[in-house]
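Student: Next up, model.txt (compact mmCIF, C-alpha atoms).
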```
# COMPACT_ATOMS: atom_id res chain seq x y z
CA MET A 1 14.21 17.80 26.68
CA SER A 2 14.49 14.12 27.67
CA GLU A 3 16.40 13.18 30.79
CA VAL A 4 19.79 11.60 30.15
CA ARG A 5 20.31 8.53 32.35
CA GLN A 6 23.55 6.69 32.91
CA LYS A 7 23.30 3.01 32.00
CA LEU A 8 23.64 0.54 34.82
CA GLU A 9 26.61 -1.80 34.51
CA PHE A 10 26.57 -5.31 35.90
CA PRO A 11 29.22 -8.04 36.06
CA ALA A 12 29.96 -9.66 32.70
CA TRP A 13 29.01 -13.22 31.84
CA PRO A 14 30.61 -15.69 31.38
CA GLN A 15 33.15 -15.12 34.12
CA PHE A 16 36.56 -16.72 33.72
CA GLY A 17 40.15 -16.44 34.84
CA ASP A 18 43.42 -18.30 35.19
CA GLU A 19 41.59 -21.45 36.27
CA GLU A 20 39.99 -21.80 32.82
CA ARG A 21 43.26 -20.90 31.07
CA ILE A 22 45.17 -23.52 33.03
CA GLY A 23 42.47 -26.10 32.35
CA LEU A 24 42.46 -25.44 28.62
CA HIS A 25 46.25 -25.68 28.49
CA ARG A 26 46.12 -28.91 30.51
CA ALA A 27 43.61 -30.40 28.04
CA LEU A 28 45.69 -29.24 25.08
CA GLU A 29 48.94 -30.66 26.37
CA GLN A 30 47.57 -34.09 27.24
CA GLY A 31 47.57 -34.79 23.50
CA GLN A 32 44.10 -36.38 23.35
CA TRP A 33 41.19 -34.02 22.86
CA TRP A 34 38.26 -36.43 23.13
CA ARG A 35 37.02 -38.26 26.18
CA VAL A 36 38.13 -41.72 25.06
CA GLY A 37 41.80 -40.76 25.21
CA GLY A 38 41.74 -37.87 27.65
CA SER A 39 40.95 -37.42 31.33
CA GLU A 40 39.13 -34.08 31.62
CA VAL A 41 35.62 -35.37 30.87
CA ASP A 42 35.98 -38.33 33.21
CA THR A 43 37.26 -36.06 35.97
CA PHE A 44 34.55 -33.47 35.45
CA GLU A 45 31.86 -36.15 35.61
CA ARG A 46 33.17 -37.35 38.97
CA GLU A 47 33.38 -33.80 40.33
CA PHE A 48 29.92 -32.80 39.08
CA ALA A 49 28.33 -35.99 40.45
CA GLU A 50 30.04 -35.53 43.82
CA TYR A 51 28.95 -31.88 43.98
CA HIS A 52 25.30 -32.89 43.52
CA ASN A 53 25.57 -36.03 45.71
CA ALA A 54 24.75 -38.24 42.73
CA GLU A 55 26.08 -41.70 42.00
CA HIS A 56 26.92 -40.98 38.36
CA ALA A 57 27.16 -38.05 35.94
CA LEU A 58 27.38 -38.31 32.17
CA ALA A 59 28.70 -35.26 30.31
CA VAL A 60 27.18 -34.57 26.90
CA THR A 61 27.21 -32.02 24.08
CA ASN A 62 24.42 -29.74 25.30
CA GLY A 63 21.39 -29.51 27.56
CA THR A 64 18.88 -30.44 24.87
CA HIS A 65 20.83 -33.62 24.13
CA ALA A 66 20.95 -34.31 27.88
CA LEU A 67 17.15 -34.32 27.97
CA GLU A 68 16.83 -36.38 24.80
CA LEU A 69 19.32 -38.96 25.99
CA ALA A 70 17.77 -39.18 29.45
CA LEU A 71 14.30 -39.70 27.99
CA GLN A 72 15.59 -42.46 25.73
CA VAL A 73 17.31 -44.18 28.64
CA LEU A 74 14.07 -43.99 30.65
CA GLY A 75 12.25 -45.85 27.89
CA VAL A 76 10.54 -43.10 25.93
CA THR A 77 9.75 -44.45 22.46
CA PRO A 78 7.87 -43.27 19.37
CA GLY A 79 4.18 -42.89 20.17
CA SER A 80 4.63 -42.73 23.93
CA GLU A 81 3.77 -39.57 25.87
CA VAL A 82 5.86 -37.21 27.98
CA VAL A 83 4.16 -34.74 30.33
CA VAL A 84 5.88 -31.35 30.21
CA PRO A 85 5.06 -27.92 31.65
CA ALA A 86 3.50 -25.65 29.06
CA PHE A 87 5.64 -22.72 30.27
CA THR A 88 9.26 -23.65 29.56
CA PHE A 89 11.98 -23.28 26.97
CA ILE A 90 11.10 -25.30 23.88
CA SER A 91 13.87 -27.88 24.44
CA SER A 92 11.78 -29.49 27.17
CA SER A 93 9.12 -30.52 24.68
CA GLN A 94 11.35 -30.92 21.63
CA ALA A 95 13.60 -33.46 23.37
CA ALA A 96 10.58 -35.78 23.58
CA GLN A 97 9.30 -34.90 20.13
CA ARG A 98 12.68 -35.64 18.53
CA LEU A 99 12.31 -39.20 19.82
CA GLY A 100 8.92 -39.50 18.12
CA ALA A 101 7.08 -39.18 21.42
CA VAL A 102 4.08 -36.93 22.04
CA ALA A 103 4.74 -33.94 24.30
CA VAL A 104 1.71 -33.27 26.52
CA PRO A 105 1.79 -29.72 27.94
CA VAL A 106 0.16 -29.09 31.30
CA ASP A 107 -0.34 -25.91 33.28
CA VAL A 108 2.02 -24.38 35.82
CA ASP A 109 1.61 -22.72 39.18
CA PRO A 110 0.99 -18.98 38.69
CA GLY A 111 3.38 -18.04 41.49
CA THR A 112 6.36 -20.38 41.14
CA TYR A 113 5.94 -21.00 37.36
CA ASN A 114 6.69 -24.68 38.05
CA ILE A 115 4.61 -27.61 36.85
CA ASP A 116 1.16 -28.00 38.43
CA VAL A 117 1.34 -31.48 39.96
CA ALA A 118 -2.43 -31.98 39.88
CA ALA A 119 -2.48 -31.07 36.18
CA ALA A 120 0.38 -33.50 35.55
CA ALA A 121 -1.49 -36.26 37.36
CA ALA A 122 -4.62 -35.62 35.29
CA ALA A 123 -2.59 -35.90 32.08
CA ILE A 124 -1.20 -39.39 32.77
CA THR A 125 -2.48 -42.13 30.46
CA SER A 126 -1.48 -45.68 29.67
CA LYS A 127 0.97 -44.21 27.12
CA THR A 128 2.78 -41.89 29.51
CA SER A 129 6.48 -42.77 29.69
CA ALA A 130 7.88 -39.82 31.66
CA ILE A 131 6.97 -36.69 33.60
CA MET A 132 9.38 -33.79 33.13
CA PRO A 133 9.25 -31.08 35.80
CA VAL A 134 11.32 -27.99 34.97
CA HIS A 135 12.97 -26.20 37.88
CA MET A 136 12.12 -22.72 36.65
CA ALA A 137 14.85 -20.13 37.25
CA GLY A 138 16.46 -22.46 39.80
CA LEU A 139 13.39 -22.84 42.04
CA LEU A 140 12.88 -26.57 42.45
CA ALA A 141 9.45 -27.92 41.57
CA ASP A 142 7.42 -29.66 44.29
CA MET A 143 9.62 -32.74 44.49
CA ASP A 144 7.64 -34.21 47.38
CA ALA A 145 4.38 -34.29 45.44
CA LEU A 146 6.12 -35.27 42.20
CA ALA A 147 7.93 -38.18 43.83
CA LYS A 148 4.61 -39.45 45.21
CA LEU A 149 2.96 -39.06 41.80
CA SER A 150 5.79 -41.01 40.19
CA ALA A 151 5.59 -43.78 42.80
CA ASP A 152 1.80 -44.02 42.61
CA SER A 153 1.65 -43.99 38.81
CA GLY A 154 4.82 -45.93 38.03
CA VAL A 155 5.86 -43.17 35.61
CA PRO A 156 9.49 -42.02 36.03
CA LEU A 157 10.49 -38.42 36.57
CA LEU A 158 13.09 -36.57 34.55
CA GLN A 159 14.13 -33.34 36.23
CA ASP A 160 14.91 -30.61 33.71
CA ALA A 161 17.52 -28.96 35.92
CA ALA A 162 18.95 -26.66 33.25
CA HIS A 163 18.45 -23.73 35.66
CA ALA A 164 19.19 -25.54 38.91
CA HIS A 165 22.91 -26.21 39.32
CA GLY A 166 23.54 -26.48 43.06
CA ALA A 167 19.88 -26.21 44.09
CA ARG A 168 18.64 -28.02 47.18
CA TRP A 169 15.28 -29.40 48.34
CA ARG A 170 14.85 -29.89 52.09
CA GLY A 171 18.63 -30.09 52.42
CA ARG A 172 19.03 -32.57 49.56
CA LYS A 173 20.80 -31.74 46.33
CA VAL A 174 19.39 -32.61 42.92
CA GLY A 175 21.33 -35.87 42.75
CA GLU A 176 19.72 -37.09 45.98
CA LEU A 177 16.10 -36.65 44.90
CA GLY A 178 15.66 -40.15 43.48
CA SER A 179 15.21 -39.34 39.81
CA VAL A 180 17.30 -38.68 36.72
CA ALA A 181 18.23 -35.01 36.19
CA ALA A 182 19.50 -33.16 33.12
CA PHE A 183 21.60 -29.96 33.13
CA SER A 184 22.70 -27.40 30.56
CA PHE A 185 26.01 -25.53 30.29
CA GLN A 186 24.94 -23.19 27.48
CA ASN A 187 26.57 -19.76 27.44
CA GLY A 188 24.03 -18.06 29.69
CA LYS A 189 23.73 -20.82 32.29
CA LEU A 190 24.98 -20.76 35.87
CA MET A 191 28.18 -22.50 34.79
CA THR A 192 29.17 -22.69 31.15
CA ALA A 193 31.56 -23.84 28.48
CA GLY A 194 29.57 -22.10 25.74
CA GLU A 195 27.62 -25.32 25.24
CA GLY A 196 27.43 -28.63 27.07
CA GLY A 197 25.16 -30.70 29.25
CA ALA A 198 25.11 -33.46 31.83
CA VAL A 199 22.78 -36.17 33.10
CA LEU A 200 22.79 -37.36 36.70
CA PHE A 201 21.92 -41.00 37.35
CA GLY A 202 21.39 -42.80 40.65
CA ASP A 203 21.35 -46.19 38.97
CA ALA A 204 24.48 -47.81 37.52
CA GLU A 205 22.55 -49.70 34.84
CA LEU A 206 20.83 -46.56 33.56
CA TYR A 207 24.18 -44.77 33.55
CA GLU A 208 25.83 -47.52 31.50
CA THR A 209 22.91 -47.48 29.06
CA GLY A 210 23.31 -43.72 28.77
CA PHE A 211 27.05 -44.01 28.19
CA VAL A 212 26.62 -46.49 25.35
CA ARG A 213 23.87 -44.46 23.70
CA HIS A 214 25.82 -41.19 23.97
CA SER A 215 28.76 -42.83 22.14
CA CYS A 216 26.96 -44.10 19.01
CA GLY A 217 25.77 -47.25 20.78
CA ARG A 218 29.33 -48.44 21.28
CA PRO A 219 30.54 -49.92 24.59
CA ARG A 220 33.58 -48.16 26.05
CA THR A 221 35.89 -51.17 25.56
CA ASP A 222 34.75 -52.04 22.03
CA ARG A 223 37.48 -52.44 19.37
CA GLY A 224 35.46 -54.32 16.74
CA TYR A 225 32.68 -51.81 16.00
CA PHE A 226 30.06 -53.92 17.73
CA HIS A 227 27.50 -51.15 18.24
CA ARG A 228 25.20 -52.60 20.87
CA THR A 229 22.23 -50.26 20.51
CA SER A 230 21.03 -47.16 18.70
CA GLY A 231 22.57 -43.89 19.76
CA SER A 232 24.34 -40.78 18.57
CA ASN A 233 27.54 -38.88 19.24
CA PHE A 234 26.72 -36.78 22.29
CA ARG A 235 30.27 -36.89 23.72
CA MET A 236 31.64 -33.75 25.37
CA THR A 237 35.09 -32.52 24.33
CA GLU A 238 38.04 -32.42 26.69
CA PHE A 239 38.26 -28.62 26.29
CA SER A 240 34.66 -28.08 27.41
CA ALA A 241 35.16 -30.33 30.42
CA ALA A 242 38.34 -28.48 31.42
CA VAL A 243 36.46 -25.16 31.40
CA LEU A 244 33.54 -26.62 33.33
CA ARG A 245 35.84 -27.99 36.03
CA ALA A 246 36.99 -24.42 36.65
CA GLN A 247 33.45 -23.05 36.48
CA LEU A 248 32.29 -25.52 39.13
CA THR A 249 34.80 -24.11 41.63
CA ARG A 250 33.06 -20.70 41.49
CA LEU A 251 29.49 -21.91 41.74
CA ASP A 252 28.99 -21.92 45.52
CA GLU A 253 30.24 -18.38 45.99
CA GLN A 254 28.13 -17.08 43.10
CA ILE A 255 25.00 -18.80 44.40
CA ALA A 256 25.49 -17.22 47.82
CA VAL A 257 25.69 -13.75 46.28
CA ARG A 258 22.65 -14.28 44.07
CA GLU A 259 20.54 -15.57 46.96
CA GLN A 260 21.37 -12.46 48.98
CA ARG A 261 20.65 -10.10 46.10
CA TRP A 262 17.36 -11.78 45.17
CA GLN A 263 16.12 -11.42 48.73
CA VAL A 264 16.64 -7.67 48.40
CA LEU A 265 15.42 -7.30 44.81
CA SER A 266 12.30 -9.44 45.19
CA GLY A 267 11.21 -7.42 48.21
CA LEU A 268 11.67 -4.19 46.28
CA LEU A 269 9.82 -5.51 43.23
CA ALA A 270 6.94 -6.68 45.42
CA GLY A 271 6.56 -3.10 46.61
CA ILE A 272 5.91 -1.81 43.10
CA ASP A 273 2.25 -1.58 42.18
CA GLY A 274 1.39 -4.15 39.52
CA VAL A 275 4.72 -6.01 39.67
CA VAL A 276 4.68 -9.56 41.06
CA PRO A 277 8.05 -11.33 41.55
CA GLN A 278 8.34 -15.09 41.23
CA ALA A 279 7.18 -16.79 44.40
CA THR A 280 9.42 -18.78 46.71
CA ASP A 281 9.05 -22.22 48.28
CA ASP A 282 10.79 -22.63 51.62
CA ARG A 283 11.34 -26.33 50.91
CA CYS A 284 13.74 -25.24 48.17
CA ASP A 285 16.30 -24.12 50.73
CA ARG A 286 18.96 -23.27 48.17
CA ASN A 287 18.00 -21.53 44.95
CA PRO A 288 20.82 -20.64 42.52
CA HIS A 289 18.60 -18.06 40.75
CA TYR A 290 19.32 -18.56 37.08
CA MET A 291 16.84 -15.77 36.39
CA ALA A 292 15.20 -12.96 38.33
CA MET A 293 11.61 -13.33 37.13
CA PHE A 294 8.51 -11.22 37.66
CA ARG A 295 5.08 -10.70 36.18
CA LEU A 296 3.23 -7.59 35.03
CA PRO A 297 -0.37 -8.85 35.23
CA GLY A 298 -2.71 -7.25 32.75
CA VAL A 299 -0.13 -5.94 30.27
CA THR A 300 -0.38 -6.77 26.60
CA GLU A 301 2.39 -8.65 24.87
CA ARG A 302 3.25 -5.52 22.90
CA ARG A 303 3.46 -3.39 26.04
CA ARG A 304 5.66 -5.98 27.73
CA ALA A 305 8.05 -5.88 24.76
CA GLU A 306 8.24 -2.09 25.10
CA ILE A 307 9.03 -2.41 28.80
CA VAL A 308 11.78 -4.95 28.13
CA ASP A 309 13.31 -2.70 25.47
CA ALA A 310 13.27 0.21 27.90
CA LEU A 311 14.96 -1.89 30.60
CA ILE A 312 17.65 -2.90 28.12
CA GLU A 313 18.23 0.78 27.34
CA ARG A 314 18.88 1.30 31.06
CA GLY A 315 21.54 -1.42 30.96
CA LEU A 316 19.49 -4.27 32.44
CA PRO A 317 19.90 -7.74 30.84
CA ALA A 318 16.14 -8.08 30.35
CA PHE A 319 14.11 -10.56 28.29
CA VAL A 320 10.48 -11.44 27.66
CA GLY A 321 9.33 -14.66 29.27
CA PHE A 322 9.07 -17.95 27.44
CA ARG A 323 6.18 -18.50 25.09
CA ALA A 324 3.95 -21.43 25.99
CA VAL A 325 5.30 -24.33 23.94
CA TYR A 326 1.99 -24.79 22.11
CA ARG A 327 2.16 -21.14 20.99
CA THR A 328 5.13 -21.91 18.70
CA ASP A 329 5.13 -23.34 15.18
CA ALA A 330 7.89 -25.76 16.19
CA PHE A 331 5.64 -27.55 18.67
CA TRP A 332 3.17 -28.57 15.99
CA GLU A 333 5.70 -29.94 13.50
CA THR A 334 5.82 -33.38 15.10
CA GLY A 335 4.81 -35.14 18.29
CA ALA A 336 1.99 -32.80 19.27
CA PRO A 337 -1.19 -34.01 21.01
CA ASP A 338 -4.37 -34.34 18.99
CA VAL A 339 -5.90 -31.07 20.20
CA THR A 340 -5.80 -27.45 19.08
CA ALA A 341 -3.66 -24.67 20.50
CA ASP A 342 -6.83 -22.97 21.75
CA GLU A 343 -7.83 -26.11 23.64
CA LEU A 344 -4.39 -26.30 25.26
CA ALA A 345 -4.66 -22.62 26.15
CA ARG A 346 -8.00 -23.33 27.85
CA ARG A 347 -6.34 -26.11 29.87
CA CYS A 348 -3.30 -23.96 30.71
CA PRO A 349 -4.55 -20.49 31.73
CA ASN A 350 -1.50 -19.73 33.86
CA ALA A 351 0.97 -20.61 31.11
CA GLU A 352 -1.14 -18.58 28.72
CA ALA A 353 -0.93 -15.52 30.99
CA LEU A 354 2.82 -15.94 31.53
CA THR A 355 3.29 -15.96 27.77
CA THR A 356 2.11 -12.35 27.81
CA ASP A 357 3.12 -10.85 31.14
CA CYS A 358 6.37 -12.47 32.34
CA VAL A 359 9.76 -10.70 32.28
CA TRP A 360 13.11 -12.09 33.33
CA LEU A 361 16.52 -10.64 34.10
CA HIS A 362 19.73 -12.62 33.58
CA HIS A 363 21.50 -13.90 36.70
CA ARG A 364 24.60 -11.75 36.11
CA LEU A 365 22.48 -8.85 37.34
CA LEU A 366 22.19 -10.64 40.71
CA LEU A 367 25.99 -10.65 40.96
CA GLY A 368 25.87 -6.86 41.20
CA THR A 369 25.92 -4.83 44.41
CA GLU A 370 23.07 -4.50 46.87
CA ALA A 371 22.80 -0.83 45.95
CA GLN A 372 22.29 -1.84 42.34
CA MET A 373 19.26 -3.91 43.33
CA HIS A 374 17.61 -0.65 44.38
CA ASP A 375 18.57 0.85 41.02
CA VAL A 376 17.05 -2.14 39.23
CA ALA A 377 13.78 -1.83 41.12
CA ALA A 378 13.66 1.90 40.42
CA ALA A 379 14.17 1.23 36.71
CA VAL A 380 11.38 -1.36 36.67
CA ALA A 381 9.01 0.99 38.49
CA ASP A 382 9.86 3.82 36.10
CA VAL A 383 9.55 2.01 32.77
CA ALA A 384 6.53 -0.04 33.82
CA GLY A 385 4.79 3.20 34.85
CA ARG A 386 3.67 1.64 38.11
CA GLY A 387 5.84 3.23 40.72
```
With the file now loaded, output its structure as structure tokens.

Tutor:
Amino acid sequence: MSEVRQKLEFPAWPQFGDEERIGLHRALEQGQWWRVGGSEVDTFEREFAEYHNAEHALAVTNGTHALELALQVLGVTPGSEVVVPAFTFISSSQAAQRLGAVAVPVDVDPGTYNIDVAAAAAAITSKTSAIMPVHMAGLLADMDALAKLSADSGVPLLQDAAHAHGARWRGRKVGELGSVAAFSFQNGKLMTAGEGGAVLFGDAELYETGFVRHSCGRPRTDRGYFHRTSGSNFRMTEFSAAVLRAQLTRLDEQIAVREQRWQVLSGLLAGIDGVVPQATDDRCDRNPHYMAMFRLPGVTERRRAEIVDALIERGLPAFVGFRAVYRTDAFWETGAPDVTADELARRCPNAEALTTDCVWLHHRLLLGTEAQMHDVAAAVADVAGRG
């Protein structure tokens, strides 16, 4: 007779309260529900920029649009190349490909899962218009080495900070790191309005270019439909901004809890035979932990799927890791490099392995109790058969 186990229960996500209700009512009652007539988006942009010590923030419709807009502002054009990590959510490559650019995947570090700076350097050509490090699960990529690479090569960085709200590198927040950064507010992210995104700029001219492009190429004071440049409607609604203003007030406290819980959980996972938690980098002295990630080296993709299903049955918000971007049909539809998937796999052995053996747990789990971190580790040890 099989053992009956009680499911673990973790805090729900998204979290919300009277702050969001008040904000939504405030946006409703102002009588203008888009940013041109309202005040919520403008106010949120100021608050989000100030929180990240950035000069400017531009709120947009979603994180994918944030990347696409930022790349366009940085000068990415059809036929140019954008260096991206091979192990990332597909938006990182598709944002470039949607602009007609070629996404060039490079390998990642096997411990941090962040872009391999040496591999990125080797991929730079005369056509390279941007390098896009992804701060995987909130752990900032090596911004020291990346900043040097950008300065030496003249190729701008675009930080994909979709997982990194509130992160810090050597005491500096994302807005202080000298490069454009894009965030997501999708439903599962560290702060959310269901969808939404933002771009941080340190340069007023880039910000103004971004503003015009995100509003159909139309300057903010235009009354004669003199669309100055190409663009699209990436404007955030007043309701989304009102919710995000409330979400931002909770972020610091939630990050503090997740950092404490990950310290416990990662130590426990490291003690399980055959389980390897995501590495740390002490220079990233504040990690918001969008995901609790670990590897099961040597497992097959099928076995990993079985393990994830078993963890879900125990109540854990578990998922398989991202598939290397070149291992998806979408990657090859447009803007792919002139090589085969097998050749990219040969160049990206770490991303190839992560495609098979990586598991991640949603950050709401890290808002649970310290005792629950022991329960999580016990569940992983049990279902992985490696305890």

Student: Between A:Asp285, A:Glu343, A:Glu352, A:Asp309, which residue has the minimum interatomic distance to Ala379 (chain A), considering all atoms listed in the file?

Tutor: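 Comparing A:Asp285, A:Glu343, A:Glu352, A:Asp309 against Ala379 (chain A), the winner is A:Asp309.
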
Student: Residues around (26.8, -25.5, 34.3), cut-off 9 Å, counting all atoms listed in the file - what are they as a count of residues only?

Tutor: 21

Student: Write out as an MDAnalysis selection string the residues lying within 7 Å of Gly335 (chain A), counting all atoms listed in the file and excluding same-chain residues fewer than 4 positions away.

Tutor: chainID A and resid 97 100:103

Student: Work out how far CA of Asn114 (chain A) is from CA of Ser91 (chain A), in Å to one decimal.

Tutor: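 Atom-to-atom, CA of Ser91 (chain A) and CA of Asn114 (chain A) are spaced 15.7 Å apart.
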
Student: Hey, which of A:Val199, A:Asn350, A:Val376, A:Ser266 ends up closest to Asp109 (chain A)? Count only C-alpha atoms.

Tutor: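 Using only C-alpha atoms, the shortest distance to Asp109 (chain A) belongs to A:Asn350.
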
Student: Identify which of the residues A:Glu50, A:Glu313, A:Glu19, A:Asp375 lies closest to Leu265 (chain A), counting all atoms listed in the file when measuring atom-to-atom distances.

Tutor: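 Closest to Leu265 (chain A) of all the choices is A:Asp375.
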
Student: Quick one: residues within 9 Å of Val76 (chain A), only C-alpha atoms counted, chain neighbours fewer than 6 positions away excluded, as a list in words?

Tutor: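 Counting only the stated atoms, we get Ala70, Val82, Ala96, Leu99, Gly100, Ala101, Thr128, Ser129 and Ala130 of chain A.
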
Student: Keeping C-alpha atoms, export the residues of the selection given above as a PDB file, in the coordinates of the input.

Tutor:
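Written out: result-v8.pdb:
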```pdb
ATOM      1  CA  ALA A  70      17.770 -39.180  29.450  1.00  0.00           C
ATOM      2  CA  VAL A  82       5.860 -37.210  27.980  1.00  0.00           C
ATOM      3  CA  ALA A  96      10.580 -35.780  23.580  1.00  0.00           C
ATOM      4  CA  LEU A  99      12.310 -39.200  19.820  1.00  0.00           C
ATOM      5  CA  GLY A 100       8.920 -39.500  18.120  1.00  0.00           C
ATOM      6  CA  ALA A 101       7.080 -39.180  21.420  1.00  0.00           C
ATOM      7  CA  THR A 128       2.780 -41.890  29.510  1.00  0.00           C
ATOM      8  CA  SER A 129       6.480 -42.770  29.690  1.00  0.00           C
ATOM      9  CA  ALA A 130       7.880 -39.820  31.660  1.00  0.00           C
TER      10      ALA A 130
END
```

Student: Considering all atoms listed in the file, state which residue in the set A:Ala242, A:Ala57, A:Ala120, A:Ala12 is at the smallest distance from His363 (chain A).

Tutor: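 When distances to His363 (chain A) are compared using all atoms listed in the file, the smallest one comes from A:Ala12.
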
Student: If you take every atom of region 34-39 of chain A that the file lists and fit an axis-aligned box around them with 8 Å extra on each side, what centre and edge lengths come out in Å to one decimal, as AutoDock Vina command-line options?

Tutor:
```
--center_x 39.4 --center_y -39.1 --center_z 27.2 --size_x 20.8 --size_y 21.3 --size_z 24.2
```

Student: Could you give me, as a list of chain:residue names, the residues within 10 Å of Gly271 (chain A), counting all atoms listed in the file and dropping anything in the same chain fewer than 6 positions from it?

Tutor: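 Counting all atoms listed in the file, the residues come to A:Leu265, A:Pro277, A:Ala377, A:Ala381, A:Gly387.
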
Student: For each of A:Val84, A:Leu157, A:Met291, A:Val359, take the minimum atom-to-atom distance to Asp144 (chain A), counting only C-alpha atoms, then give the residue where this is smallest.

Tutor: A:Leu157

Student: Would you please work out which residue, of A:Pro297, A:Gly224, A:Pro156, A:Gly315, is nearest to Gln72 (chain A) when using all atoms listed in the file?

Tutor: A:Pro156

Student: Select from region 80-181 of chain A every residue with an atom at most 7 Å from any atom of region 325-334 of chain A, then for each give the shortest pair of atoms and their distance in Å to one decimal, using only C-alpha atoms, rows by chain and rising number, as JSON lines.

Tutor:
```
{"residue": "A:Ala86", "atom": "CA", "partner": "A:Val325", "partner_atom": "CA", "distance": 5.6}
{"residue": "A:Phe87", "atom": "CA", "partner": "A:Val325", "partner_atom": "CA", "distance": 6.5}
{"residue": "A:Thr88", "atom": "CA", "partner": "A:Val325", "partner_atom": "CA", "distance": 6.9}
{"residue": "A:Ile90", "atom": "CA", "partner": "A:Val325", "partner_atom": "CA", "distance": 5.9}
{"residue": "A:Gln97", "atom": "CA", "partner": "A:Thr334", "partner_atom": "CA", "distance": 6.3}
```
